[in-house]
Amino acid sequence: MDIEKKVAQLIDTLSIEEKVGQLFVLAFAGEDRDYAKTLVKERHIGGFYITDDNAANPTSAAQLARELQHEAALRACDAPLLLAVDQEGSWGILTQYTDLGPGNLGLGKADNTALTADMYQVFAEQMQEVGYNTLLSPCADVNANPDNPIIGLRAFGEQTHHVARHVAAAVRGVQRSGSLSCAKHFPGHGDTHNDSHQTLPVVDKSLQQLMREDLLPFKAAIESGVPLIMTSHISYPQIDADYPATLSSTILQGVLRQQLGFSGIIITDSMNMWSMRKNYAPEEAAILALQAGANLVMLSEEHYENSTTPYKAIQAQTIDGVIAAVKQGSLSESVIDARLQQVLAFKYQHFATSSQTTASVLESANELARDAASSAIRVLRNDDQQWPLEDRAFTLAFAADPKGYDNIVNSRGIGPNDPNSARDVILETLAERGREYRLWQHEQFMAALQAPTEPLAEPLVLITEDYPLPGESFDVADQQQRVQQALQKWPGRVIVIAMRSDYELSQYADLSTYVCAYSSRAVSARVIAEQL
């Protein structure tokens with residue numbers, strides 16, 4: 001009997017509670033494994049969104065994955081759980097134990113699709129080692145808006161076809177490992193002015209425009225066999241005047257299924273983001289998403305909600321709301337059955353046959369990450385030939401307020417997560433190499449900016465940084481102001497090294513030396529420090 005028939009027969013034996021539970025991917029706070037197991041046993045859920053908050057090291061992660069999958073195997077519907085992680089380079093988990101490379105913008109700048117594929121195979125294999133089977137990556141967004149507060153370093157670049165090539169390569173790399181990839185945030189989060197963690201962004205583009213621009217990387221992902229696509233909580237009024245993409249049948253069924261021909265699993269972005277919560281009741285949003293065509297509803301408690309919101313109650317309210325809607329007839333059971341048929345058929349098939357198709361790249365992971373970081377670095381201005389510094393003396397300062405580093409690691413483990421900021425790594429590497437220079441701490445740098453002008457004998461190397469933080473922003477605007485003050489005060493003496501994108505460069509007309517790493521990751525900071 002084929003898999004489709006077996007799954008249809010299985011679905012006929014399941015209660016509404018068992019069916020509905022399988023369509024949810026949930027998160028849990030801290031190391032509350034008993035609650036997580038209860039979600040599997042009593043709520044019948046289909047998967048988890050996992051962060052460092054749940055398991056802070058590989059041993060703990062592997063134990064967690066084993067325990068959760070063991071519970072799932074004991075159920076009447078014994079399909080394995082999707083254990084999903086935001087492993088995408090600029091964001092990642094277990095960052096001190098894994099090789100994340102420079103992130104997508106750096107990989108895009110290196111522009112070697114073989115390297116992108118290898119890097120994503122590294123992500124997948126390193127997650128596989130601890131039992132996490134689903135990467136919520138690659139980011140298929142195009143940086144059409146350089147001021148976008150949440151994508152930036154997470155996208156492969158600004159050019160549609162360029163991004164499409166690297167998205168396809170990333171999907172192939174994950175596939176080689178036998179793990180699952182997920183292209184996001186459909187139909188594109190790169191041209192927004194707002195962060196959907198905070199509010200509901202609006203993109204006023206026609207379908208024709210989207211087809212030419214934002215949708216091409218998703219098309220490339222589909223052609224490369226991407227198994228999952230994540231929706232975005234963004235309103236596209238020219239395509240659907242009533243609903244954002246996650247809740248829009250026009251976008252999910254009409255555009256994604258029919259026009260782009262995607263036959264895989266549609267998963268929502270977190271339904272706890274303020275773009276949803278401010279506009280819809282939790283159960284209402286889940287019901288609308290399932291009706292619109294989503295197969296899986298994800299609630300990954302955002303870090304800014306966890307301590308202030310009764311998240312377990314919201315999870316229960318959401319699942320119970322969907323169950324009640326089915327029982328009352330306002331949500332057709334046939335919709336639930338159709339979504340579940342697709343999910344279970346996919347899971348049983350994939351987990352029965354998934355295996356590594358090429359040799360492991362784990363042994364060369366460090367080298368690949370370093371190659372990618374080195375290949376990404378660009379000297380975009382060198383008008384006065386100040387770079388490289390060779391063995392000349394210099395003063396070093398960091399434009400960012402160090403208070404901002406506290407936000408890099410937050411209570412829900414979402415975001416860059418690495419407790420070592422670019423600043424830490426640069427200073428450590430310079431110390432290891434015995435490089436002599438004068439360091440201005442932040443207070444000294446700020447004082448020097450305010451003090452009466454005195455000439456600088458040596459170049460001032462000024463580091464700018466950015467980190468893609470969900471729901472909040474790094475102090476990029478303040479950094480730009482400090483750079484501009486330094487340029488006015490010490491013309492011809494300032495060298496800016498950007499541990500970020502180069503989108504700030506247009507602000508610095510008077511700057512003669514600008515070196516960009518296209519990354520704030522530790523590996524990129526190390527390479528930059530070595531060049532210093």
# chains A, B, ... in the order shown; residues from 1 in each chain; ligands from 1

call {"tool": "select_by_dssp", "arguments": {"residues": "segment 48-264 of chain A", "states": "strand (DSSP E or B)", "output": "PyMOL selection string"}}
result
chain A and resi 48-49+82-85+134-135+139+180+182-186+202+228-231+235

call {"tool": "residues_around", "arguments": {"residues": "segment 382-387 of chain A", "least_positions_apart": "4", "cutoff": "10 Å", "atoms": "only C-alpha atoms", "output": "count of residues only"}}
result
13

call {"tool": "residues_around", "arguments": {"residues": "Tyr49 of chain A", "least_positions_apart": "3", "cutoff": "7 Å", "atoms": "only C-alpha atoms", "output": "JSON, numbers by chain"}}
result
{"A": [25, 26, 27, 83, 84, 85, 300]}

call {"tool": "closest_residue", "arguments": {"among": "A:Thr268, A:Gln481, A:Gln450, A:Gln22", "to": "Ala76 of chain A", "atoms": "only C-alpha atoms"}}
result
A:Gln22

call {"tool": "residues_around", "arguments": {"residues": "segment 102-104 of chain A", "least_positions_apart": "5", "cutoff": "6 Å", "atoms": "only C-alpha atoms", "output": "JSON, numbers by chain"}}
result
{"A": [89, 90, 154, 155, 156, 373, 519, 521, 524]}

call {"tool": "residues_around", "arguments": {"residues": "segment 341-349 of chain A", "least_positions_apart": "6", "cutoff": "9 Å", "atoms": "only C-alpha atoms", "output": "MDAnalysis selection string"}}
result
chainID A and resid 3:4 6:8 11 22:23 77 79:82 227 263:265 295:296

call {"tool": "write_last_selection", "arguments": {"atoms": "N, CA and C atoms", "output": "PDB file, in the first residue's frame"}}
result
ATOM      1  N   ILE A   3       2.173   5.206   0.588  1.00  0.00           N
ATOM      2  CA  ILE A   3       2.217   6.036   1.799  1.00  0.00           C
ATOM      3  C   ILE A   3       0.960   6.901   1.953  1.00  0.00           C
ATOM      4  N   GLU A   4       0.450   7.423   0.823  1.00  0.00           N
ATOM      5  CA  GLU A   4      -0.731   8.295   0.870  1.00  0.00           C
ATOM      6  C   GLU A   4      -1.928   7.549   1.464  1.00  0.00           C
ATOM      7  N   LYS A   6      -1.888   4.803   3.353  1.00  0.00           N
ATOM      8  CA  LYS A   6      -1.632   4.469   4.762  1.00  0.00           C
ATOM      9  C   LYS A   6      -1.935   5.663   5.661  1.00  0.00           C
ATOM     10  N   VAL A   7      -1.491   6.843   5.218  1.00  0.00           N
ATOM     11  CA  VAL A   7      -1.702   8.055   6.012  1.00  0.00           C
ATOM     12  C   VAL A   7      -3.193   8.370   6.092  1.00  0.00           C
ATOM     13  N   ALA A   8      -3.916   8.246   4.974  1.00  0.00           N
ATOM     14  CA  ALA A   8      -5.364   8.510   4.969  1.00  0.00           C
ATOM     15  C   ALA A   8      -6.072   7.582   5.955  1.00  0.00           C
ATOM     16  N   ILE A  11      -5.267   8.743   9.526  1.00  0.00           N
ATOM     17  CA  ILE A  11      -6.022   9.956   9.877  1.00  0.00           C
ATOM     18  C   ILE A  11      -7.456   9.604  10.282  1.00  0.00           C
ATOM     19  N   GLN A  22      -1.120  17.821  15.733  1.00  0.00           N
ATOM     20  CA  GLN A  22      -0.039  17.539  14.776  1.00  0.00           C
ATOM     21  C   GLN A  22       0.277  18.734  13.872  1.00  0.00           C
ATOM     22  N   LEU A  23      -0.627  19.695  13.813  1.00  0.00           N
ATOM     23  CA  LEU A  23      -0.430  20.852  12.932  1.00  0.00           C
ATOM     24  C   LEU A  23       0.233  22.032  13.651  1.00  0.00           C
ATOM     25  N   CYS A  77      -0.092   8.035  16.330  1.00  0.00           N
ATOM     26  CA  CYS A  77       0.499   8.660  15.138  1.00  0.00           C
ATOM     27  C   CYS A  77       1.971   8.900  15.474  1.00  0.00           C
ATOM     28  N   ALA A  79       4.666   9.600  13.800  1.00  0.00           N
ATOM     29  CA  ALA A  79       5.549  10.375  12.902  1.00  0.00           C
ATOM     30  C   ALA A  79       6.564  11.163  13.734  1.00  0.00           C
ATOM     31  N   PRO A  80       7.830  11.203  13.302  1.00  0.00           N
ATOM     32  CA  PRO A  80       8.826  11.967  14.061  1.00  0.00           C
ATOM     33  C   PRO A  80       8.462  13.448  14.147  1.00  0.00           C
ATOM     34  N   LEU A  81       8.934  14.076  15.203  1.00  0.00           N
ATOM     35  CA  LEU A  81       8.733  15.513  15.392  1.00  0.00           C
ATOM     36  C   LEU A  81       9.673  16.295  14.484  1.00  0.00           C
ATOM     37  N   LEU A  82       9.210  17.445  14.011  1.00  0.00           N
ATOM     38  CA  LEU A  82      10.126  18.400  13.403  1.00  0.00           C
ATOM     39  C   LEU A  82      10.790  19.159  14.553  1.00  0.00           C
ATOM     40  N   PRO A 227      11.725  21.711   0.938  1.00  0.00           N
ATOM     41  CA  PRO A 227      10.543  21.015   1.437  1.00  0.00           C
ATOM     42  C   PRO A 227       9.572  21.885   2.233  1.00  0.00           C
ATOM     43  N   SER A 263       4.605  22.306  -3.749  1.00  0.00           N
ATOM     44  CA  SER A 263       3.777  21.210  -3.247  1.00  0.00           C
ATOM     45  C   SER A 263       4.226  20.744  -1.864  1.00  0.00           C
ATOM     46  N   GLY A 264       5.158  21.480  -1.260  1.00  0.00           N
ATOM     47  CA  GLY A 264       5.678  21.084   0.050  1.00  0.00           C
ATOM     48  C   GLY A 264       4.836  21.607   1.209  1.00  0.00           C
ATOM     49  N   ILE A 265       5.488  21.763   2.357  1.00  0.00           N
ATOM     50  CA  ILE A 265       4.805  22.132   3.601  1.00  0.00           C
ATOM     51  C   ILE A 265       4.908  23.641   3.822  1.00  0.00           C
ATOM     52  N   ASN A 295       0.074  24.576   6.507  1.00  0.00           N
ATOM     53  CA  ASN A 295       0.029  23.208   7.039  1.00  0.00           C
ATOM     54  C   ASN A 295       0.397  23.174   8.518  1.00  0.00           C
ATOM     55  N   LEU A 296       1.327  24.029   8.901  1.00  0.00           N
ATOM     56  CA  LEU A 296       1.827  24.032  10.277  1.00  0.00           C
ATOM     57  C   LEU A 296       1.754  25.440  10.847  1.00  0.00           C
TER      58      LEU A 296
END

call {"tool": "atom_distance", "arguments": {"atom1": "atom CA of Cys182 of chain A", "atom2": "atom CA of Ala73 of chain A"}}
result
24.0 Å
